[in-house]
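Single-structure report; data block below.
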Amino acid sequence: MRIAVDGSAIPRQMAGAGVYTYQLVRALAETAGAHQLTVFARPGLFDELAAQQPRLQVVHIDQSSRVARLAWEQARLPSLLRRHEIDLLHSPHHHTPLATRRPRVVTFHDVTFLVLPERYTTARRLYMATVTRAAARVADAIITPSQTIRRDVIERLGVPDERVVAIPEAAGPQYVPIEDASVLDRLRQQYQLPSRYILSIGSLEPGKNRGRLIQAYAGLEDAGVDCPLVVAGLPAWRYEGDYEQARRLGQGQVRFLGYVPDGDLPALYSAATLLAFPSLYEGFGLPVLEAMSCGTPVVTANVAATAEIAGDAALLVDPRNVGALAEAMGRLLSDDALRADLRARGLERAKQFSWQRTARETLSVYESVAAKS
């Protein structure tokens, strides 16, 4: 088959769905066998990978705005699929061209716009609802990153269950425990980090639940715990309150690093005393698995996909219970044996996930869809 992946929505500073698309393309290029792979993307994102993989072709596009990108997807992409004789298109982020006869596979990362509509601005919520519902109508198959999201797609979007397949994501191959003291020292100097810190990873937006995390952290500070909270992630939407709450409650011990390049993340995880990821709703929760892969103990939410992915290898708490979150972080900070146990459990749990597995299962969906077309 000639398989195309639409990577046009990936920003240059990748996170979330962008990381999924890049790692999937990388693993597909290594796994696809006789299949030919084409990716549509901005210049620079996949070029180095394509130079190493003869079966991967990159077609450059450069759409500077969401409106321009959607216009390109709906009006231009169908003709490019014909020109490049594409047999199947994978759209990895909720939307797909409506006017094409090519078989289409679409990845839905979550349905937050239905489960937690208050998490989004009105415009973003309506946009996500519109493109997701439209894609659900025309997709030959839908991939979700967890069984949790598979159930939500079937129940909330009314998609027949035989068209929805759960395929887990994975941590990238760079996520391993960093034990070289010189590497960790350079990281601490670069970001001005102490020897111990609580790490929070992810875009700054309401669903990450940082308001309650900061409240829980303030309770730890009041109890005499001296371990800064370090937040890494780009500002997204409705994040201003986090800054104000950190200023008011954090006593100067809450640090916002902004965007941290992928190359620094393994050391950032490895140097952390623990990861706190009490998100209200996730389709997968990559930071949980990335932290485990680096040997970092995790506190995360006992709801949605984070509980599914973490299993018994993390402390699970009600993300809306500030006291429970503070208590879990306090236990990990003070209990060396518990941290060592969760480190070992996390490393074993992470071995169950790999991008090679994700690629193989995704190729199986492609082949099944093509056989029916």
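Each chain of the structure tokens is named A, B, ... in the order shown, its residues numbered from 1; ligands are numbered from 1 in display order.
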
Considering only C-alpha atoms, give me a table of residues in stretch 176-249 of chain A that are at most 10 Å from stretch 9-31 of chain A, with the closest atom pair and distance in Å for each, as CSV.
residue,atom,partner,partner_atom,distance
A:Gly202,CA,A:Ala15,CA,8.1
A:Ser203,CA,A:Ala15,CA,8.1
A:Gly233,CA,A:Ala15,CA,8.9
A:Leu234,CA,A:Ala15,CA,9.1

Dump N, CA and C atoms for the selected residues as a JSON list (two decimals), in the first residue's frame?
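The result, written out as result09.json:
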[["chain", "number", "residue", "atom", "x", "y", "z"],
["A", 202, "GLY", "N", 3.08, 19.41, 31.05],
["A", 202, "GLY", "CA", 1.91, 19.52, 30.18],
["A", 202, "GLY", "C", 1.53, 20.96, 29.93],
["A", 203, "SER", "N", 0.78, 21.18, 28.85],
["A", 203, "SER", "CA", 0.34, 22.53, 28.49],
["A", 203, "SER", "C", -0.41, 23.18, 29.64],
["A", 233, "GLY", "N", 5.75, 23.43, 30.44],
["A", 233, "GLY", "CA", 4.70, 23.36, 29.43],
["A", 233, "GLY", "C", 4.37, 24.73, 28.89],
["A", 234, "LEU", "N", 3.91, 24.74, 27.64],
["A", 234, "LEU", "CA", 3.55, 25.99, 26.99],
["A", 234, "LEU", "C", 2.21, 26.52, 27.50]]

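Among A:Ala232, A:Ala32, A:Gln74, A:Arg247, the residue with the shortest atom-to-atom distance to A:Ser364, counting only C-alpha atoms, is A:Ala32.
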
A:Glu73 environment, 10 Å, only C-alpha atoms, sequence neighbours closer than 5 positions dropped, as a list in words: Asp6, Ser8, Ala9, Val67, Ala68, Pro78, Ser79, Leu80, His95, Thr96, Pro97, Leu98 and Ala99 of chain A

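For stretch 250-338 of chain A, backbone-based DSSP assignment of strand (DSSP E or B) covers A:Val254, A:Arg255, A:Phe256, A:Leu257, A:Gly258, A:Leu274, A:Leu275, A:Ala276, A:Phe277, A:Val298, A:Val299, A:Thr300, A:Ala301, A:Leu315, A:Leu316, A:Val317.
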
Save out the residues we just selected, C-alpha atoms, as a PDB file, in the first residue's frame.
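See result_3.pdb below for the written result:
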ATOM      1  CA  VAL A 254       6.432  27.332  42.168  1.00  0.00           C
ATOM      2  CA  ARG A 255       8.564  27.623  39.021  1.00  0.00           C
ATOM      3  CA  PHE A 256       7.185  27.879  35.453  1.00  0.00           C
ATOM      4  CA  LEU A 257       9.793  26.803  32.897  1.00  0.00           C
ATOM      5  CA  GLY A 258       7.676  27.250  29.778  1.00  0.00           C
ATOM      6  CA  LEU A 274       8.275  12.721  41.682  1.00  0.00           C
ATOM      7  CA  LEU A 275       5.851  13.590  38.892  1.00  0.00           C
ATOM      8  CA  ALA A 276       2.467  15.046  39.900  1.00  0.00           C
ATOM      9  CA  PHE A 277      -0.046  14.631  37.070  1.00  0.00           C
ATOM     10  CA  VAL A 298       4.226   9.150  39.823  1.00  0.00           C
ATOM     11  CA  VAL A 299       1.142  10.569  41.509  1.00  0.00           C
ATOM     12  CA  THR A 300      -1.746  10.729  39.042  1.00  0.00           C
ATOM     13  CA  ALA A 301      -5.526  10.753  38.766  1.00  0.00           C
ATOM     14  CA  LEU A 315      -0.225   6.469  43.516  1.00  0.00           C
ATOM     15  CA  LEU A 316      -3.752   7.124  42.229  1.00  0.00           C
ATOM     16  CA  VAL A 317      -5.840   9.910  43.777  1.00  0.00           C
TER      17      VAL A 317
END

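Nearest-residue note for A:Leu199: choosing from A:Ser293, A:Thr273, A:Ser354, A:Thr100, the minimum distance belongs to A:Thr273, counting only C-alpha atoms.
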
Best match for closeness to A:Ala344 among A:Met292, A:Ala271, A:Leu45, A:Val164, counting only C-alpha atoms: A:Met292

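Minimum atom-to-atom distance to A:Leu89, evaluated using only C-alpha atoms, belongs to A:Thr107 out of A:Thr112, A:Thr296, A:Thr107, A:Gln189.
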
Contact residues around A:Gly346 with only C-alpha atoms at 6 Å, ignoring same-chain residues under 3 positions, as a list of chain:residue names: A:Met292, A:Ala313, A:Leu342, A:Arg343, A:Arg349

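The spacing separating atom CA of A:Phe40 from atom CA of A:Val159 amounts to 27.4 Å.
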
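Taking atom CA of A:Leu268 and atom CA of A:Arg188 as the two end points, the separation is 8.4 Å.
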
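Using only C-alpha atoms, the shortest contact distance between A:Ile142 and any of A:Ala267, A:Val165, A:Leu289, A:Leu88 is found at A:Val165.
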
Test item, helix (DSSP H, G or I) assignment across stretch 11-147 of chain A, answer as an MDAnalysis selection string: chainID A and resid 17:31 47:52 66:83 112:115 117:119 122:138 147

Next, write the just-selected residues to a file, as a tab-separated table (two decimals), in the first residue's frame, keeping C-alpha atoms as the atom set.
chain	number	residue	atom	x	y	z
A	17	ALA	CA	-0.88	14.88	19.32
A	18	GLY	CA	2.26	16.20	17.63
A	19	VAL	CA	4.47	13.80	19.59
A	20	TYR	CA	2.04	10.97	18.75
A	21	THR	CA	2.21	11.75	15.04
A	22	TYR	CA	5.99	12.04	14.93
A	23	GLN	CA	6.66	8.87	16.93
A	24	LEU	CA	4.04	6.92	14.97
A	25	VAL	CA	5.56	7.96	11.63
A	26	ARG	CA	9.04	7.07	12.90
A	27	ALA	CA	7.91	3.62	14.04
A	28	LEU	CA	5.82	3.01	10.90
A	29	ALA	CA	8.82	3.83	8.71
A	30	GLU	CA	10.80	1.16	10.59
A	31	THR	CA	7.95	-1.38	10.61
A	47	ASP	CA	13.17	15.66	6.86
A	48	GLU	CA	15.94	14.15	8.98
A	49	LEU	CA	13.84	11.04	9.56
A	50	ALA	CA	13.10	10.70	5.83
A	51	ALA	CA	16.81	10.91	5.03
A	52	GLN	CA	17.31	7.77	7.11
A	66	ARG	CA	-5.80	26.94	11.49
A	67	VAL	CA	-8.17	28.34	8.86
A	68	ALA	CA	-5.56	27.99	6.12
A	69	ARG	CA	-4.71	24.49	7.25
A	70	LEU	CA	-8.33	23.36	7.23
A	71	ALA	CA	-8.83	24.89	3.78
A	72	TRP	CA	-5.77	22.99	2.56
A	73	GLU	CA	-7.04	19.76	4.13
A	74	GLN	CA	-10.50	19.95	2.60
A	75	ALA	CA	-9.68	21.47	-0.81
A	76	ARG	CA	-6.07	20.58	-1.62
A	77	LEU	CA	-5.27	17.34	0.19
A	78	PRO	CA	-7.76	15.17	-1.79
A	79	SER	CA	-6.02	16.12	-5.04
A	80	LEU	CA	-2.59	15.41	-3.51
A	81	LEU	CA	-3.81	11.95	-2.50
A	82	ARG	CA	-4.70	11.29	-6.15
A	83	ARG	CA	-1.44	12.75	-7.46
A	112	THR	CA	-12.92	16.29	26.27
A	113	PHE	CA	-15.24	18.74	24.52
A	114	LEU	CA	-18.13	16.46	25.57
A	115	VAL	CA	-16.87	15.18	28.93
A	117	PRO	CA	-16.79	21.26	28.06
A	118	GLU	CA	-15.73	23.89	30.60
A	119	ARG	CA	-12.11	22.94	29.98
A	122	THR	CA	-16.34	28.24	23.53
A	123	ALA	CA	-14.66	28.65	20.13
A	124	ARG	CA	-12.24	25.78	20.68
A	125	ARG	CA	-14.94	23.50	22.05
A	126	LEU	CA	-17.22	24.11	19.06
A	127	TYR	CA	-14.32	23.63	16.65
A	128	MET	CA	-13.29	20.29	18.19
A	129	ALA	CA	-16.89	19.08	18.35
A	130	THR	CA	-17.54	19.98	14.70
A	131	VAL	CA	-14.42	18.42	13.18
A	132	THR	CA	-14.60	15.31	15.37
A	133	ARG	CA	-18.25	14.60	14.60
A	134	ALA	CA	-17.65	15.16	10.88
A	135	ALA	CA	-14.67	12.79	10.88
A	136	ALA	CA	-16.62	10.17	12.84
A	137	ARG	CA	-19.22	10.09	10.05
A	138	VAL	CA	-16.76	9.38	7.23
A	147	GLN	CA	-9.93	1.70	26.15

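Residue nearest A:Gly311, chosen from A:Pro287, A:Pro278, A:Glu169, A:Arg345 and counting only C-alpha atoms: A:Arg345.
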